[in-house]
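K.L.:
Please read through the structure below; I'll follow up with questions.
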Amino acid sequence: MSFCFGVSRARKSKSAKHTMDGQDSTDYCIFCDIARGATSTSILFSDEKVVAFPDINPSAFRHYLVIPVEHVPTVNSLEKKPEHYELVNHMLKVGEELLNRDAPNSVEHRFGFHQPPFNSINHLHLHCLALPFTPAWKQVKYTPLGRLGFIGANKVLEKLNPRPTLPS
Ligand SMILES: [Zn+2]
Ligand SMILES: [Zn+2]
């Protein structure tokens with residue numbers, strides 16, 4: 001089953017065994033390969049922390065993914081500490097800039113994550129969507145439904161913020 005990224009080699013049933021540098025990993029991770037520049041994926045943006053590229057199976061007018069260079073498995077792996085808050089905040093900023101550049105007239109920009117078990121690839125990835133959805137029914141995959149499924153990036157930031165009074 002490919003839920004939001006159609007790569008059949010993703011083995012979501014196995015837990016990720018990556019170390020930080022992925023050395024003793026026996027599980028193949030396509031996103032680590034992309035972050036390393038080891039694929040032909042066209043990179044929209046990259047710095048020392050994150051890499052952005054188009055979703056190969058786009059669900060909207062523009063549909064980009066922003067991933068951390070470091071292998072973080074899912075949103076559930078994120079902790080309430082400044083380091084993770086800054087990472088997600090940076091991922092969101094990068095996504096916003098790309099959509100502002102490429103889809104300034106879109107009716108809505110939406111940013112969020114799939115919570116396990118509804119994530120397709122066990123390497124954290126922020127979905128950046130410039131609406132409309134194409135086709136329209138795809139919106140069900142990217143609409144928050146309580147504690148399951150899609151969760152908005154701002155919701156994740158709220159949860160991770162070590163100092164909730166901090167201005168965004
Ligand atoms: Zn996803
Ligand atoms: Zn990875």
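We label chains A, B, ... in the order they appear in the structure tokens, count residues from 1 in each chain, and number ligands from 1 in the order shown.
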Identify, counting only C-alpha atoms and all ligand atoms, the protein, DNA and RNA residues located within 6 Å of ligand 2, and give them as an mmCIF file with C-alpha atoms, in the first residue's frame.
P.N.:
data_model
loop_
_atom_site.group_PDB
_atom_site.id
_atom_site.type_symbol
_atom_site.label_atom_id
_atom_site.label_comp_id
_atom_site.auth_asym_id
_atom_site.auth_seq_id
_atom_site.Cartn_x
_atom_site.Cartn_y
_atom_site.Cartn_z
ATOM 1 C CA CYS A 29 15.353 4.343 3.494
ATOM 2 C CA PHE A 31 14.426 9.546 2.069
ATOM 3 C CA CYS A 32 17.905 9.105 3.570
ATOM 4 C CA HIS A 71 16.747 10.167 10.092
ATOM 5 C CA HIS A 123 11.340 9.095 7.735
#
K.L.:
Produce as a ChimeraX atom specification the set of residues near ligand 1, where near means within 12 Å with only C-alpha atoms and all ligand atoms considered.
P.N.:
/A:2-7,12,31,55-59,63-67,73-75,111-129,141-142,149-152
K.L.:
Between A:Arg62, A:Arg36, A:Val69, A:Gln139, single out the one closest to Asn100 of chain A, counting only C-alpha atoms.
P.N.:
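Smallest separation from Asn100 of chain A among the options: A:Arg62.
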K.L.:
If you run DSSP on the backbone, which residues of segment 32-135 of chain A are strand (DSSP E or B), as a PyMOL selection string?
P.N.:
chain A and resi 45-46+50-54+60-68+109-114+126-133
K.L.:
So what do you get for atom CA of Leu145 of chain A versus atom CA of His109 of chain A, distance-wise?
P.N.:
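A separation of 18.0 Å between them.
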K.L.:
Quick one: pull the distance between atom CA of Leu44 of chain A and atom CA of Asn154 of chain A, Å, one decimal.
P.N.:
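Value for the atom CA of Leu44 of chain A-atom CA of Asn154 of chain A distance: 22.4 Å.
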K.L.:
Please measure the separation of atom CA of Ala38 of chain A and atom CA of Val51 of chain A, giving the value in Å to one decimal.
P.N.:
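One can read the atom CA of Ala38 of chain A to atom CA of Val51 of chain A distance as 12.6 Å.
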K.L.:
Using backbone DSSP assignments, extract all helix (DSSP H, G or I) residues from segment 77-138 of chain A; output them as a VMD selection string.
P.N.:
chain A and resid 77 82 to 102 136 to 138
